[in-house]
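Below is upload-v6.tsv, which holds TSV, C-alpha atoms and all ligand atoms.
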chain	number	residue	atom	x	y	z
Y	7	MET	CA	-8.62	-6.32	-19.98
Y	8	HIS	CA	-6.76	-3.22	-21.14
Y	9	GLN	CA	-5.79	-0.80	-18.38
Y	10	SER	CA	-7.55	2.01	-20.28
Y	11	GLU	CA	-10.79	0.01	-20.36
Y	12	ILE	CA	-10.54	-0.59	-16.60
Y	13	LEU	CA	-9.85	3.02	-15.70
Y	14	THR	CA	-12.31	4.64	-18.10
Y	15	HIS	CA	-15.27	2.25	-18.36
Y	16	LEU	CA	-15.20	-0.83	-16.16
Y	17	GLY	CA	-18.00	-0.97	-13.59
Y	18	GLU	CA	-19.48	2.42	-14.42
Y	19	GLU	CA	-22.91	1.20	-15.69
Y	20	ARG	CA	-23.64	4.65	-17.14
Y	21	GLU	CA	-27.00	3.58	-18.56
Y	22	LYS	CA	-28.30	3.28	-14.98
Y	23	TYR	CA	-27.11	6.76	-14.06
Y	24	PHE	CA	-28.56	9.12	-16.70
Y	25	GLN	CA	-25.52	8.44	-18.94
Y	26	ALA	CA	-23.50	10.61	-16.53
Y	27	VAL	CA	-19.84	10.51	-17.56
Y	28	SER	CA	-18.66	10.71	-13.94
Y	29	PRO	CA	-20.42	8.30	-11.61
Y	30	PRO	CA	-22.88	9.92	-9.20
Y	31	VAL	CA	-22.17	9.59	-5.49
Y	32	ILE	CA	-24.96	7.40	-4.12
Y	33	GLN	CA	-24.90	9.01	-0.70
Y	34	THR	CA	-27.36	6.77	1.09
Y	35	SER	CA	-27.15	4.55	4.16
Y	36	ASN	CA	-29.93	2.16	3.12
Y	37	PHE	CA	-32.04	0.92	0.21
Y	38	CYS	CA	-35.76	0.10	0.19
Y	39	PHE	CA	-37.78	-2.77	-1.25
Y	40	SER	CA	-40.97	-2.91	-3.28
Y	41	ASP	CA	-42.14	-6.03	-1.46
Y	42	LEU	CA	-41.06	-8.82	0.85
Y	43	LYS	CA	-40.18	-11.15	-1.99
Y	44	ASN	CA	-37.46	-8.73	-3.09
Y	45	PHE	CA	-36.47	-8.13	0.52
Y	46	ARG	CA	-35.89	-11.85	1.09
Y	47	LYS	CA	-34.06	-12.19	-2.20
Y	48	ALA	CA	-31.69	-9.35	-1.38
Y	49	PHE	CA	-30.63	-10.94	1.90
Y	50	GLN	CA	-29.22	-13.95	0.11
Y	51	ASN	CA	-26.07	-11.92	-0.61
Y	52	GLU	CA	-25.34	-8.70	1.23
Y	53	LEU	CA	-22.21	-8.04	-0.84
Y	54	GLU	CA	-23.98	-8.17	-4.20
Y	55	ASN	CA	-27.42	-6.79	-3.39
Y	56	HIS	CA	-28.50	-3.35	-2.16
Y	57	ILE	CA	-29.63	-3.45	1.45
Y	58	TYR	CA	-27.39	-1.23	3.55
Y	59	SER	CA	-24.21	0.74	2.72
Y	60	ARG	CA	-22.05	-1.04	5.29
Y	61	GLY	CA	-22.47	-4.01	2.96
Y	62	ASN	CA	-22.85	-2.74	-0.59
Y	63	ASN	CA	-23.01	0.71	-2.13
Y	64	PRO	CA	-23.08	1.34	-5.91
Y	65	THR	CA	-20.37	4.03	-5.88
Y	66	VAL	CA	-18.08	1.87	-3.76
Y	67	LYS	CA	-18.78	-1.08	-6.05
Y	68	ILE	CA	-17.40	0.78	-9.09
Y	69	LEU	CA	-14.14	1.32	-7.23
Y	70	ARG	CA	-13.98	-2.32	-6.13
Y	71	ALA	CA	-14.39	-3.57	-9.69
Y	72	LYS	CA	-11.60	-1.33	-11.00
Y	73	LEU	CA	-9.16	-2.26	-8.23
Y	74	ALA	CA	-9.74	-6.00	-8.64
Y	75	ALA	CA	-9.17	-5.72	-12.39
Y	76	LEU	CA	-5.98	-3.67	-11.91
Y	77	GLU	CA	-4.54	-6.38	-9.64
Y	78	GLY	CA	-5.84	-9.19	-11.84
Y	79	THR	CA	-8.02	-10.72	-9.09
Y	80	GLU	CA	-11.68	-11.77	-9.10
Y	81	ASP	CA	-12.84	-9.30	-6.48
Y	82	ALA	CA	-11.76	-6.56	-4.06
Y	83	LEU	CA	-12.96	-4.83	-0.91
Y	84	VAL	CA	-12.26	-1.26	0.15
Y	85	PHE	CA	-11.83	-0.11	3.75
Y	86	SER	CA	-11.68	3.16	5.67
Y	87	SER	CA	-7.87	2.83	5.93
Y	88	GLY	CA	-4.99	0.67	4.80
Y	89	SER	CA	-4.53	-0.56	8.36
Y	90	GLY	CA	-8.23	-1.48	8.49
Y	91	ALA	CA	-7.77	-3.52	5.31
Y	92	ILE	CA	-4.62	-5.24	6.58
Y	93	ALA	CA	-6.16	-6.06	9.96
Y	94	ALA	CA	-9.34	-7.50	8.39
Y	95	ALA	CA	-7.42	-9.60	5.87
Y	96	VAL	CA	-5.02	-11.03	8.44
Y	97	ILE	CA	-7.59	-11.64	11.19
Y	98	ALA	CA	-9.81	-13.51	8.72
Y	99	GLN	CA	-7.10	-16.19	8.31
Y	100	VAL	CA	-6.41	-17.06	11.95
Y	101	GLN	CA	-7.82	-18.25	15.25
Y	102	ALA	CA	-6.34	-18.76	18.72
Y	103	GLY	CA	-3.34	-21.09	18.57
Y	104	ASP	CA	-2.34	-20.18	15.02
Y	105	HIS	CA	0.99	-18.75	13.92
Y	106	ILE	CA	1.98	-16.12	11.35
Y	107	VAL	CA	5.28	-15.80	9.48
Y	108	CYS	CA	5.90	-12.15	8.64
Y	109	VAL	CA	8.76	-10.25	7.00
Y	110	GLU	CA	10.79	-8.26	9.52
Y	111	SER	CA	10.08	-4.55	10.04
Y	112	PRO	CA	6.75	-4.38	8.23
Y	113	TYR	CA	4.71	-1.15	8.26
Y	114	SER	CA	4.53	0.02	11.90
Y	115	TRP	CA	0.81	-0.70	12.47
Y	116	THR	CA	1.11	-4.11	10.81
Y	117	HIS	CA	3.88	-4.79	13.31
Y	118	ALA	CA	1.53	-3.65	16.09
Y	119	LEU	CA	-1.28	-5.85	14.74
Y	120	LEU	CA	0.90	-8.92	15.27
Y	121	THR	CA	2.84	-7.95	18.40
Y	122	GLN	CA	0.17	-6.02	20.36
Y	123	PHE	CA	-3.23	-6.97	19.02
Y	124	LEU	CA	-3.23	-10.59	17.78
Y	125	ALA	CA	-0.90	-11.62	20.62
Y	126	ARG	CA	-3.82	-10.87	23.00
Y	127	PHE	CA	-5.92	-13.48	21.21
Y	128	GLY	CA	-3.36	-16.29	21.25
Y	129	VAL	CA	-2.02	-15.83	17.73
Y	130	THR	CA	1.79	-15.98	17.62
Y	131	HIS	CA	4.23	-14.78	14.97
Y	132	THR	CA	7.83	-15.00	13.77
Y	133	PHE	CA	9.56	-12.16	11.93
Y	134	VAL	CA	12.00	-13.29	9.25
Y	135	ASP	CA	14.45	-11.72	6.83
Y	136	GLY	CA	12.30	-11.81	3.72
Y	137	ARG	CA	15.35	-11.71	1.43
Y	138	ASP	CA	16.18	-15.25	2.53
Y	139	ILE	CA	13.70	-17.84	1.23
Y	140	ALA	CA	15.35	-20.60	3.32
Y	141	ALA	CA	14.80	-18.52	6.47
Y	142	ILE	CA	11.13	-18.14	5.57
Y	143	GLU	CA	10.74	-21.89	5.14
Y	144	GLU	CA	12.53	-22.55	8.42
Y	145	ALA	CA	10.16	-20.25	10.30
Y	146	ILE	CA	7.08	-22.22	9.19
Y	147	GLN	CA	5.60	-24.32	12.02
Y	148	ASP	CA	2.82	-26.92	12.12
Y	149	ASN	CA	0.36	-24.24	13.24
Y	150	THR	CA	1.44	-21.57	10.72
Y	151	LYS	CA	-1.51	-20.29	8.69
Y	152	VAL	CA	-0.26	-17.04	7.15
Y	153	LEU	CA	2.76	-15.80	5.20
Y	154	TYR	CA	2.74	-12.01	5.33
Y	155	LEU	CA	4.90	-10.09	2.85
Y	156	GLU	CA	5.74	-6.47	2.12
Y	157	SER	CA	7.84	-6.03	-1.01
Y	158	PRO	CA	9.45	-3.56	-1.25
Y	159	SER	CA	9.23	-3.01	2.50
Y	160	SER	CA	8.98	0.28	4.36
Y	161	LEU	CA	12.21	2.34	4.66
Y	162	THR	CA	14.67	-0.47	3.77
Y	163	PHE	CA	13.00	-1.50	0.47
Y	164	ASN	CA	13.96	-5.14	0.99
Y	165	LEU	CA	12.32	-7.44	-1.55
Y	166	GLN	CA	10.94	-10.94	-1.31
Y	167	ASP	CA	10.98	-13.35	-4.24
Y	168	LEU	CA	7.21	-13.39	-4.72
Y	169	LYS	CA	7.02	-16.43	-6.97
Y	170	ALA	CA	9.12	-18.50	-4.58
Y	171	CYS	CA	7.07	-17.26	-1.60
Y	172	ALA	CA	3.80	-18.16	-3.33
Y	173	GLN	CA	5.12	-21.67	-4.03
Y	174	LEU	CA	6.23	-22.05	-0.43
Y	175	ALA	CA	2.79	-20.96	0.83
Y	176	GLN	CA	1.15	-23.47	-1.45
Y	177	LYS	CA	3.47	-26.27	-0.33
Y	178	TYR	CA	2.61	-25.70	3.35
Y	179	GLY	CA	-1.04	-24.73	2.88
Y	180	LEU	CA	-0.59	-21.12	4.04
Y	181	VAL	CA	-2.51	-18.09	2.90
Y	182	SER	CA	-0.05	-15.60	1.39
Y	183	LEU	CA	-0.70	-11.87	1.77
Y	184	ILE	CA	1.31	-8.93	0.49
Y	185	ASP	CA	1.24	-5.22	1.20
Y	186	ASN	CA	1.64	-3.90	-2.35
Y	187	SER	CA	1.26	-0.20	-1.52
Y	188	PHE	CA	4.78	0.77	-2.58
Y	189	ALA	CA	4.77	-0.61	-6.14
Y	190	SER	CA	1.03	-0.11	-6.81
Y	191	PRO	CA	-0.75	-2.41	-9.28
Y	192	ILE	CA	0.92	-0.47	-12.09
Y	193	PHE	CA	4.40	-1.80	-11.29
Y	194	GLN	CA	3.73	-5.11	-9.53
Y	195	GLN	CA	0.82	-7.56	-9.66
Y	196	PRO	CA	1.54	-10.21	-7.01
Y	197	ALA	CA	-1.68	-12.21	-7.61
Y	198	LYS	CA	-0.33	-13.06	-11.06
Y	199	LEU	CA	2.70	-14.60	-9.32
Y	200	GLY	CA	0.45	-16.72	-7.08
Y	201	ILE	CA	0.00	-14.55	-3.97
Y	202	ASP	CA	-3.49	-15.02	-2.47
Y	203	LEU	CA	-4.38	-11.59	-1.11
Y	204	VAL	CA	-3.00	-8.24	-2.27
Y	205	LEU	CA	-3.35	-5.33	0.16
Y	206	HIS	CA	-2.95	-1.59	-0.24
Y	207	SER	CA	-2.97	1.56	1.70
Y	208	GLY	CA	-5.16	3.30	-0.89
Y	209	THR	CA	-4.21	6.52	0.88
Y	210	LYS	CA	-0.90	6.40	-1.00
Y	211	TYR	CA	-0.64	6.00	-4.78
Y	212	ILE	CA	-4.13	4.65	-5.45
Y	213	ASN	CA	-5.86	7.85	-4.34
Y	214	GLY	CA	-2.70	9.85	-4.88
Y	215	HIS	CA	-3.86	13.31	-3.82
Y	216	SER	CA	-3.32	13.29	-0.04
Y	217	ASP	CA	-7.00	13.88	0.67
Y	218	VAL	CA	-8.49	10.44	1.47
Y	219	VAL	CA	-7.48	7.67	3.87
Y	220	CYS	CA	-8.50	4.26	2.54
Y	221	GLY	CA	-7.48	0.61	2.20
Y	222	VAL	CA	-7.84	-2.21	-0.32
Y	223	VAL	CA	-7.88	-6.03	-0.25
Y	224	CYS	CA	-7.85	-7.92	-3.58
Y	225	GLY	CA	-8.27	-11.68	-4.01
Y	226	SER	CA	-10.44	-14.55	-5.14
Y	227	LYS	CA	-14.24	-14.28	-4.89
Y	228	GLU	CA	-14.21	-16.88	-2.13
Y	229	LYS	CA	-11.54	-15.24	0.03
Y	230	ILE	CA	-13.01	-11.78	-0.46
Y	231	PHE	CA	-16.49	-12.95	0.52
Y	232	GLU	CA	-15.09	-14.55	3.70
Y	233	ILE	CA	-13.43	-11.29	4.73
Y	234	PHE	CA	-16.54	-9.30	3.83
Y	235	ASN	CA	-18.98	-11.52	5.65
Y	236	SER	CA	-16.94	-11.66	8.83
Y	237	GLU	CA	-14.34	-8.94	9.45
Y	238	GLN	CA	-15.70	-6.13	7.29
Y	239	MET	CA	-19.33	-6.53	8.33
Y	240	THR	CA	-18.57	-7.00	12.04
Y	241	LEU	CA	-15.72	-4.51	12.48
Y	242	GLY	CA	-17.39	-2.16	10.00
Y	243	SER	CA	-14.31	-0.48	8.57
Y	244	ILE	CA	-15.93	0.65	5.29
Y	245	LEU	CA	-15.17	3.38	2.76
Y	246	PRO	CA	-17.95	5.99	2.55
Y	247	PRO	CA	-19.45	6.64	-0.93
Y	248	HIS	CA	-18.06	10.16	-1.19
Y	249	ASP	CA	-14.53	8.97	-0.42
Y	250	ALA	CA	-14.97	6.16	-2.94
Y	251	ALA	CA	-15.83	8.75	-5.61
Y	252	MET	CA	-12.70	10.72	-4.72
Y	253	VAL	CA	-10.58	7.57	-5.05
Y	254	ILE	CA	-12.20	6.71	-8.42
Y	255	ARG	CA	-11.12	10.15	-9.60
Y	256	GLY	CA	-7.60	9.61	-8.27
Y	257	LEU	CA	-7.42	6.23	-9.95
Y	258	ARG	CA	-8.08	7.71	-13.41
Y	259	THR	CA	-4.55	9.13	-13.45
Y	260	LEU	CA	-2.75	6.32	-11.60
Y	261	PRO	CA	-0.66	5.12	-14.60
Y	262	LEU	CA	0.27	8.72	-15.50
Y	263	ARG	CA	1.26	9.57	-11.95
Y	264	MET	CA	3.23	6.36	-11.47
Y	265	GLU	CA	5.18	6.93	-14.65
Y	266	ARG	CA	5.94	10.51	-13.62
Y	267	VAL	CA	7.03	9.78	-10.04
Y	268	ALA	CA	9.06	6.73	-11.07
Y	269	THR	CA	10.97	8.70	-13.71
Y	270	SER	CA	11.53	11.69	-11.43
Y	271	ALA	CA	12.57	9.57	-8.44
Y	272	LEU	CA	15.14	7.69	-10.48
Y	273	ILE	CA	16.60	10.95	-11.86
Y	274	ILE	CA	16.86	12.40	-8.35
Y	275	ALA	CA	18.22	9.15	-6.85
Y	276	GLN	CA	20.91	9.01	-9.54
Y	277	TYR	CA	21.81	12.64	-8.87
Y	278	LEU	CA	22.09	11.94	-5.14
Y	279	GLU	CA	24.17	8.80	-5.64
Y	280	GLU	CA	26.84	10.91	-7.39
Y	281	HIS	CA	26.83	13.65	-4.75
Y	282	PRO	CA	29.89	13.76	-2.42
Y	283	LYS	CA	27.71	14.61	0.63
Y	284	VAL	CA	25.67	11.44	0.17
Y	285	LYS	CA	26.78	8.15	1.68
Y	286	GLN	CA	24.23	5.79	0.12
Y	287	VAL	CA	20.97	5.81	-1.83
Y	288	ILE	CA	18.53	2.91	-1.50
Y	289	HIS	CA	16.29	2.61	-4.56
Y	290	PRO	CA	15.28	-0.78	-6.06
Y	291	MET	CA	15.87	0.37	-9.63
Y	292	LEU	CA	19.46	1.55	-9.07
Y	293	PRO	CA	22.09	-1.02	-10.17
Y	294	SER	CA	23.74	-0.52	-6.75
Y	295	PHE	CA	20.63	-1.98	-5.05
Y	296	PRO	CA	21.58	-5.43	-3.61
Y	297	GLN	CA	18.43	-7.09	-5.02
Y	298	TYR	CA	18.50	-5.21	-8.32
Y	299	ASP	CA	18.06	-8.37	-10.44
Y	300	LEU	CA	15.02	-9.51	-8.48
Y	301	ALA	CA	13.54	-6.01	-8.74
Y	302	GLN	CA	13.97	-6.14	-12.52
Y	303	GLU	CA	12.33	-9.53	-12.62
Y	304	GLN	CA	9.18	-8.95	-10.60
Y	305	MET	CA	8.60	-5.19	-10.81
Y	306	SER	CA	8.23	-2.96	-13.84
Y	307	GLY	CA	9.03	0.18	-11.83
Y	308	ALA	CA	9.53	1.31	-8.26
Y	309	GLY	CA	7.37	4.35	-7.64
Y	310	GLY	CA	8.59	7.59	-6.12
Y	311	LEU	CA	10.12	6.44	-2.84
Y	312	PHE	CA	13.76	6.01	-1.91
Y	313	SER	CA	15.94	6.43	1.17
Y	314	VAL	CA	19.22	8.28	1.51
Y	315	TYR	CA	22.03	8.24	4.07
Y	316	ILE	CA	23.38	11.78	4.23
Y	317	LYS	CA	27.01	12.45	5.18
Y	318	ALA	CA	26.12	14.68	8.12
Y	319	GLU	CA	28.68	14.65	10.92
Y	320	THR	CA	26.25	15.58	13.65
Y	321	LEU	CA	22.51	15.45	14.32
Y	322	ALA	CA	22.54	19.26	14.30
Y	323	LEU	CA	23.97	19.29	10.76
Y	324	MET	CA	21.37	16.75	9.67
Y	325	GLU	CA	18.69	19.05	11.06
Y	326	THR	CA	20.22	21.95	9.12
Y	327	PHE	CA	19.97	19.91	5.92
Y	328	ILE	CA	16.34	18.99	6.59
Y	329	HIS	CA	15.32	22.54	7.50
Y	330	SER	CA	17.08	23.91	4.42
Y	331	LEU	CA	14.83	21.93	2.07
Y	332	LYS	CA	12.12	24.37	1.01
Y	333	ARG	CA	10.36	22.44	-1.75
Y	334	PHE	CA	9.77	19.26	0.27
Y	335	LEU	CA	7.26	19.05	3.09
Y	336	ILE	CA	8.23	17.25	6.30
Y	337	ALA	CA	5.46	14.68	6.73
Y	338	VAL	CA	4.53	11.05	7.20
Y	339	SER	CA	2.60	9.19	4.50
Y	340	TRP	CA	3.56	9.41	0.83
Y	341	GLY	CA	2.20	8.79	-2.65
Y	342	GLY	CA	0.44	12.14	-3.06
Y	343	HIS	CA	0.97	14.90	-5.62
Y	344	GLU	CA	3.52	16.61	-3.37
Y	345	SER	CA	7.13	15.75	-2.57
Y	346	LEU	CA	7.84	14.84	1.05
Y	347	ILE	CA	10.69	13.93	3.33
Y	348	MET	CA	10.39	11.64	6.33
Y	349	PRO	CA	13.62	12.00	8.34
Y	350	VAL	CA	14.42	9.30	10.91
Y	351	ALA	CA	15.83	12.20	12.97
Y	352	GLY	CA	12.20	13.25	13.51
Y	353	PHE	CA	11.64	10.17	15.67
Y	354	TYR	CA	14.56	10.91	17.96
Y	355	GLY	CA	13.36	11.65	21.46
Y	356	ILE	CA	9.98	9.95	20.94
Y	357	GLU	CA	9.83	7.01	23.32
Y	358	GLY	CA	8.82	3.56	22.13
Y	359	ARG	CA	9.36	4.27	18.44
Y	360	GLU	CA	11.14	1.43	16.67
Y	361	ASP	CA	12.19	3.87	13.93
Y	362	SER	CA	14.32	5.78	16.42
Y	363	GLU	CA	16.72	2.82	16.42
Y	364	LEU	CA	17.55	3.58	12.77
Y	365	PRO	CA	20.46	5.98	12.07
Y	366	TRP	CA	19.47	9.65	12.26
Y	367	ASN	CA	21.21	10.47	8.98
Y	368	LEU	CA	18.65	8.37	7.11
Y	369	VAL	CA	15.89	10.23	5.29
Y	370	ARG	CA	13.12	8.86	3.10
Y	371	PHE	CA	12.10	10.89	0.08
Y	372	SER	CA	8.70	10.59	-1.55
Y	373	ILE	CA	8.85	12.26	-4.93
Y	374	GLY	CA	5.66	13.92	-6.16
Y	375	LEU	CA	4.53	15.34	-9.48
Y	376	GLU	CA	6.76	18.45	-9.49
Y	377	ASP	CA	9.55	19.07	-12.02
Y	378	PRO	CA	12.53	16.91	-10.93
Y	379	ALA	CA	15.04	19.62	-11.94
Y	380	TRP	CA	13.25	22.08	-9.63
Y	381	LEU	CA	13.43	19.56	-6.79
Y	382	ILE	CA	17.15	18.86	-7.42
Y	383	GLU	CA	17.85	22.60	-7.24
Y	384	ASP	CA	16.41	22.58	-3.73
Y	385	ILE	CA	18.33	19.47	-2.63
Y	386	GLU	CA	21.54	20.95	-4.03
Y	387	GLN	CA	21.33	24.14	-1.98
Y	388	ALA	CA	20.46	22.14	1.16
Y	389	LEU	CA	23.44	19.78	0.69
Y	390	ASP	CA	25.67	22.83	0.18
Y	391	LYS	CA	24.91	23.78	3.83
Y	392	LEU	CA	26.72	20.64	5.06
Y	401	LIG	C1	0.55	3.96	5.07
Y	401	LIG	C2	0.80	2.53	4.97
Y	401	LIG	C3	-0.08	1.59	5.50
Y	401	LIG	C4	-1.29	1.99	6.32
Y	401	LIG	O1	-2.28	2.59	5.54
Y	401	LIG	P1	-3.29	3.68	6.12
Y	401	LIG	O2	-4.11	4.00	4.92
Y	401	LIG	O3	-2.47	4.81	6.63
Y	401	LIG	O4	-4.07	3.02	7.21
Y	401	LIG	C5	0.18	0.25	5.31
Y	401	LIG	N1	1.28	-0.15	4.63
Y	401	LIG	C6	2.16	0.72	4.12
Y	401	LIG	C7	3.35	0.21	3.39
Y	401	LIG	C8	1.96	2.09	4.28
Y	401	LIG	O5	2.86	2.94	3.80
Would you mind giving the structure from this file in structure tokens?
Ligand SMILES: *Cc1c(COP(=O)(O)O)cnc(C)c1O
Amino acid sequence: MHQSEILTHLGEEREKYFQAVSPPVIQTSNFCFSDLKNFRKAFQNELENHIYSRGNNPTVKILRAKLAALEGTEDALVFSSGSGAIAAAVIAQVQAGDHIVCVESPYSWTHALLTQFLARFGVTHTFVDGRDIAAIEEAIQDNTKVLYLESPSSLTFNLQDLKACAQLAQKYGLVSLIDNSFASPIFQQPAKLGIDLVLHSGTKYINGHSDVVCGVVCGSKEKIFEIFNSEQMTLGSILPPHDAAMVIRGLRTLPLRMERVATSALIIAQYLEEHPKVKQVIHPMLPSFPQYDLAQEQMSGAGGLFSVYIKAETLALMETFIHSLKRFLIAVSWGGHESLIMPVAGFYGIEGREDSELPWNLVRFSIGLEDPAWLIEDIEQALDKL
């Protein structure tokens, strides 16, 4: 299906809703029945029928249909956060005694899910360097059930060869999952390379306006129904109808926004790479990126994120650089309309943060929808302070 068809028409069922061009928000907790025959019929499938909004809501369903189609999967679920989606999708695959192989340094709360949460229930894990397919295979044990990927991964942007990983998962009977938040379905569609479940923090590019927290799981009808009927219904991490309507609106411009941030980020990354006060730029679409060929092969773009090592002699100078940036907000998260910086230096002095082991001259940029020349002007004057 054409991307334009998905984003403009798929799932909207306008004839049911007064031919409204924008879908109405069906802000209801429950649905009623004309008689018991219909009541009984509805309970045969709580995901498809209208009973209660923890299970199915028409506004949420429009969003689910569009997301599944964008990733090229049969179905999708949406959650109240990306972490909620990741936790539900992973927990659905394991029981006590099982083992998970996961790429090293995944998103911080995914790391906590494995090391703090699942460890309490007898599920073990091994972190591996995802760049090394042989290392992944070596980490697989008899009780391994899950291969968890994040490509590109947070901060370091390390890639995994998704086709090879999917084949490995198939060979050993593992369920493969990937956090695809960074590339978005516009630049990378892992299900088409054989990955079983594709996860997103919808908070980032999918919503794209820094005003909703949400999560996404895409996969086969069978796998999605399993997660729905167990983890989503029991843990109850659902996306409310109003938030779903906001995300549908955000999604309309996803291809436009991705194109804009990808172009701008590459322009800015190239500028930084040439700058004498910059030690290194990490961006998957720069020829200097160690896995550049793989990036070209499995991604059609890399979004608006990149990391930079600044040549700052002292932490104080690094702080001067950060505080001199006036057109970038200092914040966590990313993928919104606005440009952000997330300096590792910000985690210095916070106990128990893994990130604080990274060098303090590392800063992650998330490029927004602003004019890249206007952003470069700001970076230039801040680098001049060094
Ligand atoms: C933000 C983020 C998450 C978590 O999503 P939330 O919506 O904040 O719960 C997961 N993975 C990645 C890569 C993220 O950046």
What lies within 12 Å of Gln195 of chain Y using all atoms listed in the file, ignoring chain neighbours under 3 positions off, as a VMD selection string?
chain Y and resid 73 to 79 157 168 to 169 184 to 192 198 to 206 224 to 225 304 to 307
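Interatomic distance, atom CA of Thr150 of chain Y against atom CA of His105 of chain Y: 4.3 Å.
The shortest atom-to-atom distance to Ile146 of chain Y, with only C-alpha atoms taken into account, belongs to Y:Thr130 out of Y:Gln297, Y:Ser313, Y:Thr130, Y:Asn235.
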Please, which residues have at least one atom within 10 Å of an atom of ligand LIG 401 (chain Y), using only C-alpha atoms and all ligand atoms, listed as JSON, numbers by chain?
{"Y": [85, 86, 87, 88, 89, 90, 91, 92, 93, 112, 113, 114, 115, 116, 156, 157, 158, 159, 160, 161, 184, 185, 186, 187, 188, 189, 205, 206, 207, 208, 209, 210, 211, 218, 219, 220, 221, 222, 338, 339, 340, 341]}
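Relative to atom CA of Ser226 of chain Y, atom CA of Asp104 of chain Y is found at 22.4 Å.
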Segment 320-337 of chain Y environment, 8 Å, only C-alpha atoms, sequence neighbours closer than 6 positions dropped, as a PyMOL selection string:
chain Y and resi 344-349+351+366-367+381+384-385+387-389+391-392
Select, from Y:Ala250, Y:Ile97, Y:Val223, Y:Ile316, the residue with the minimum atom-to-atom distance to Glu80 of chain Y, counting all atoms listed in the file.
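Closest residue, counting all atoms listed in the file: Y:Val223.
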Rounded to one decimal, what separation in Å do you get between atom CA of Val100 of chain Y and atom CA of Leu183 of chain Y?
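Atom CA of Leu183 of chain Y lies at a distance of 12.8 Å from atom CA of Val100 of chain Y.
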Write out as AutoDock Vina command-line options an axis-aligned box for segment 380-390 of chain Y: all of its atoms listed in the file, 5 Å added on each side, centre and edge lengths in Å with one decimal.
--center_x 19.5 --center_y 21.5 --center_z -4.2 --size_x 22.4 --size_y 15.3 --size_z 20.8
Hey, what's within 12 Å of Asp377 of chain Y if we count all atoms listed in the file and toss same-chain stuff fewer than 5 positions away? As a count of residues only, please?
14
